Structure formats: structure tokens, C-alpha cells
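Asker: The structure's right below; bear with me while I get my questions together.
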Amino acid sequence: MEKPEKRGMIDTWLDKHRSLYTAATRHDFVVSIRDGSVDLSSFKTWLGQDYLFVRGFVPFVANVLIRACKESGVTSDMEVVLGGLASLNDEIEWFKSEGSKWSVDFSTVVAQKANQEYRRFLEAMMSSEVEYSVVMTAFWAIEAVYQESFAHCLEEGNKTPAELTGACNRWGNDGFKQYCLSVKSIAERCLENASGEALAEAEDVLVRVLEHEVAFWEMSRGGQ
Ligand SMILES: Cc1ncc(CO)c(N)n1
């Protein structure tokens, strides 16, 4: 059972930026997986780019983990983030096996511009100047976009090709959904005590994550 969520800043911001949130979570690429019309070369492009992204995401999450240990004051924050880091270990193994399944040689994949820019953003988020509440908001948004997108491909009435359900299950499963809700609760708790300045920064970071996610999906169309 999901526990009822009280409305916090994140939901308020999502309402305000609803069309951008929808663009990030219902991108044509995701919709094409769900309706079965997906072009496999797009999937392979996404796979190679996302593998590179995840390699850059690991140090970001490791940084969130260190901050959860040092700055949070709530012991369960560390456990939630550690769980996320542990699942990234499985995720990298999963990418490698998908890479061989689809004949995508990751050693030759070059990060496209949108990928580079997203990874640069992650690096900026690792600065100690960025408040914990802001980092947590970014972390939640990054995970939630994938959760919402891939869960959509598994919803009632989907025509997702069987060979792509592994990818959809990875982020669309209920455990990942619960994990995203845990990260969201941490972010909301931090935002409750944040300064006006930190709140403005967190909203801005949320918008930027959504923009980076849209640009990331766009790479699947091909080209640079
Ligand atoms: C682009 C992107 N965003 C988020 C995740 C994970 O949630 C991922 N693997 N890739």
C-alpha cells in the first residue's frame, strides 16, 4: 500500500511546470515503445547514450550518499540513497548485457551534446555550494522521470515489444516507484526547512532536470 502523500513544494512546482513534466515523461520515444512502433535504431542510440549517462550518474549519487551521511541528520536518508547506489551496480551489469544483446559496443559510443550537457549539470550539482535540499530535488527528478516514463510503457493496454520489457521493468517496476517516493519524501522534508533562496534554486534545478531529460530523449531521433 502506498502511504498517502501530503502535497509539498514538488507537487506545487510540477503543477506549475506541468507541460514540461509531460514532455519529459511522455516523450515520443517513450510513447513509441508503449505503442510498439519504436524504431530499434532509436532504442540502440538511447541504450548507448544512457550507458554513458549512468557512468556519470554514479559519482553524482555517491556524492548524494556522502551528503546524506554527513548533512541529513536523519539516518534513513543514507539507507535510501545507498539502495539507489546498489541498484546502479545491477544497472551497469544490465546495460552491458543489453549492449551485447543489441550489438551496441559501448567502447565506441561517443557522448552526444545533450548527454555531455546533462553530465556537466550533474557535476555542477556535486559542488558543496549546492544545498542538500536542492541536490535531493534534482536527484528525485532524475529518477522520477525514468520511473514515470517506463511505467507508462507497462500500463494497461500497452503494445510494448517483448524484447523491450526488460528495460521498461528496470525503471517501471513497483519497487523503483516506492524508492522514488522515498527520495521525494526526503526532498520534501528538506524543502520544508529551506530558505527562500534555496527554494528558488530547487525549483530552477527541477526545471533544468526536466529540460535535460527532454533533450536526452530527443537524441534517440538520431544525429547530433
Ligand atoms: C537520462 C537518464 N535519466 C535518468 C536515469 C535514471 O533514473 C537514467 N538512467 N538516464
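Each chain of the C-alpha cells is named A, B, ... in the order shown, its residues numbered from 1; ligands are numbered from 1 in display order.
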Which residues of chain A have any atom within 10 Å of an atom in ligand 1 when counting only C-alpha atoms and all ligand atoms, and what is the closest pair of atoms for each, with the distance in Å to one decimal? Order the rows by chain and rising number and write it as a Markdown table.

Answerer:
| residue | atom | partner | partner_atom_place_in_ligand_line | distance |
| --- | --- | --- | --- | --- |
| A:Ala24 | CA | ligand 1 | 3 (N) | 10.0 |
| A:Trp46 | CA | ligand 1 | 1 (C) | 8.9 |
| A:Leu47 | CA | ligand 1 | 9 (N) | 9.4 |
| A:Gln49 | CA | ligand 1 | 1 (C) | 8.2 |
| A:Asp50 | CA | ligand 1 | 10 (N) | 5.4 |
| A:Tyr51 | CA | ligand 1 | 9 (N) | 7.5 |
| A:Leu52 | CA | ligand 1 | 10 (N) | 9.1 |
| A:Phe53 | CA | ligand 1 | 10 (N) | 6.1 |
| A:Val54 | CA | ligand 1 | 9 (N) | 5.5 |
| A:Arg55 | CA | ligand 1 | 9 (N) | 9.3 |
| A:Gly56 | CA | ligand 1 | 10 (N) | 9.9 |
| A:Phe57 | CA | ligand 1 | 8 (C) | 7.9 |
| A:Gly84 | CA | ligand 1 | 7 (O) | 9.7 |
| A:Leu88 | CA | ligand 1 | 6 (C) | 8.9 |
| A:Glu91 | CA | ligand 1 | 9 (N) | 8.5 |
| A:Ile92 | CA | ligand 1 | 9 (N) | 9.8 |
| A:Phe95 | CA | ligand 1 | 9 (N) | 10.0 |
| A:Ala114 | CA | ligand 1 | 1 (C) | 9.6 |
| A:Asn115 | CA | ligand 1 | 1 (C) | 7.8 |
| A:Tyr118 | CA | ligand 1 | 1 (C) | 7.9 |
| A:Arg119 | CA | ligand 1 | 1 (C) | 9.3 |
| A:Phe139 | CA | ligand 1 | 7 (O) | 8.6 |
| A:Trp140 | CA | ligand 1 | 7 (O) | 8.7 |
| A:Ala141 | CA | ligand 1 | 4 (C) | 8.3 |
| A:Ile142 | CA | ligand 1 | 4 (C) | 4.7 |
| A:Glu143 | CA | ligand 1 | 7 (O) | 3.6 |
| A:Ala144 | CA | ligand 1 | 7 (O) | 6.6 |
| A:Val145 | CA | ligand 1 | 4 (C) | 6.6 |
| A:Tyr146 | CA | ligand 1 | 7 (O) | 4.9 |
| A:Gln147 | CA | ligand 1 | 7 (O) | 6.9 |
| A:Glu148 | CA | ligand 1 | 7 (O) | 9.8 |
| A:Ser149 | CA | ligand 1 | 7 (O) | 9.9 |
| A:Arg170 | CA | ligand 1 | 7 (O) | 9.7 |
| A:Trp171 | CA | ligand 1 | 7 (O) | 7.2 |
| A:Phe176 | CA | ligand 1 | 7 (O) | 9.5 |
| A:Cys180 | CA | ligand 1 | 7 (O) | 9.4 |
| A:Val209 | CA | ligand 1 | 3 (N) | 8.7 |
| A:Leu210 | CA | ligand 1 | 3 (N) | 9.4 |
| A:His212 | CA | ligand 1 | 1 (C) | 7.7 |
| A:Glu213 | CA | ligand 1 | 1 (C) | 5.7 |
| A:Val214 | CA | ligand 1 | 1 (C) | 8.8 |
| A:Ala215 | CA | ligand 1 | 1 (C) | 9.0 |
| A:Phe216 | CA | ligand 1 | 1 (C) | 5.8 |
| A:Trp217 | CA | ligand 1 | 1 (C) | 7.5 |

Asker: Find the spatial neighbours of segment 198-202 of chain A, counting only C-alpha atoms, within a cut-off of 9 Å - ignore same-chain residues fewer than 2 positions away - and output them as a list in words.

Answerer: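 Those residues are Met9, Val130, Glu131, Ser133, Val134, Val135, Met136, Thr137, Ala138, Leu191, Ala194, Ser195, Gly196, Asp204, Val205, Leu206 and Val207 of chain A.
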
Asker: May I ask for the distance between atom CA of Glu123 of chain A and atom CA of Leu85 of chain A, given in Å to one decimal place?

Answerer: 16.8 Å

Asker: When DSSP is applied to the backbone of this structure, which of chain A are assigned helix (DSSP H, G or I)? Write them out as a PyMOL selection string.

Answerer: chain A and resi 9-16+18-25+28-34+40-71+75-101+106-108+113-125+132-152+162-172+174-192+196-221

Asker: Can you list, as a count of residues only, every protein, DNA or RNA residue that comes within 8 Å of Val64 of chain A when you count only C-alpha atoms, leaving out same-chain residues fewer than 3 positions away?

Answerer: 8

Asker: Between atom CA of His27 of chain A and atom CA of Ser107 of chain A, what is the distance, to one decimal in Å?

Answerer: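 Going from atom CA of His27 of chain A over to atom CA of Ser107 of chain A, I get 27.4 Å.
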
Asker: With only C-alpha atoms as the atoms that count, which of A:Val74, A:Glu188, A:Met125, A:Ala167 lies nearest to Ala62 of chain A?

Answerer: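 Using only C-alpha atoms, Ala62 of chain A sits closest to A:Met125.
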
Asker: Between A:Val58, A:Val30, A:Ala124, A:Leu154, which residue has the minimum interatomic distance to Asn89 of chain A, considering only C-alpha atoms?

Answerer: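 Ranking A:Val58, A:Val30, A:Ala124, A:Leu154 by distance to Asn89 of chain A, first place goes to A:Val58.
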
Asker: Please indicate the distance in Å from atom CA of His152 of chain A to atom CA of Gly166 of chain A, rounded to one decimal place.

Answerer: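 We find that atom CA of His152 of chain A and atom CA of Gly166 of chain A lie 13.7 Å from each other.
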
Asker: Nearest to Gly175 of chain A among A:Gly222, A:Gly83, A:Arg189, A:Lys113, with distances taken over only C-alpha atoms: which residue is it?

Answerer: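 Result for the nearest residue to Gly175 of chain A: A:Gly83.
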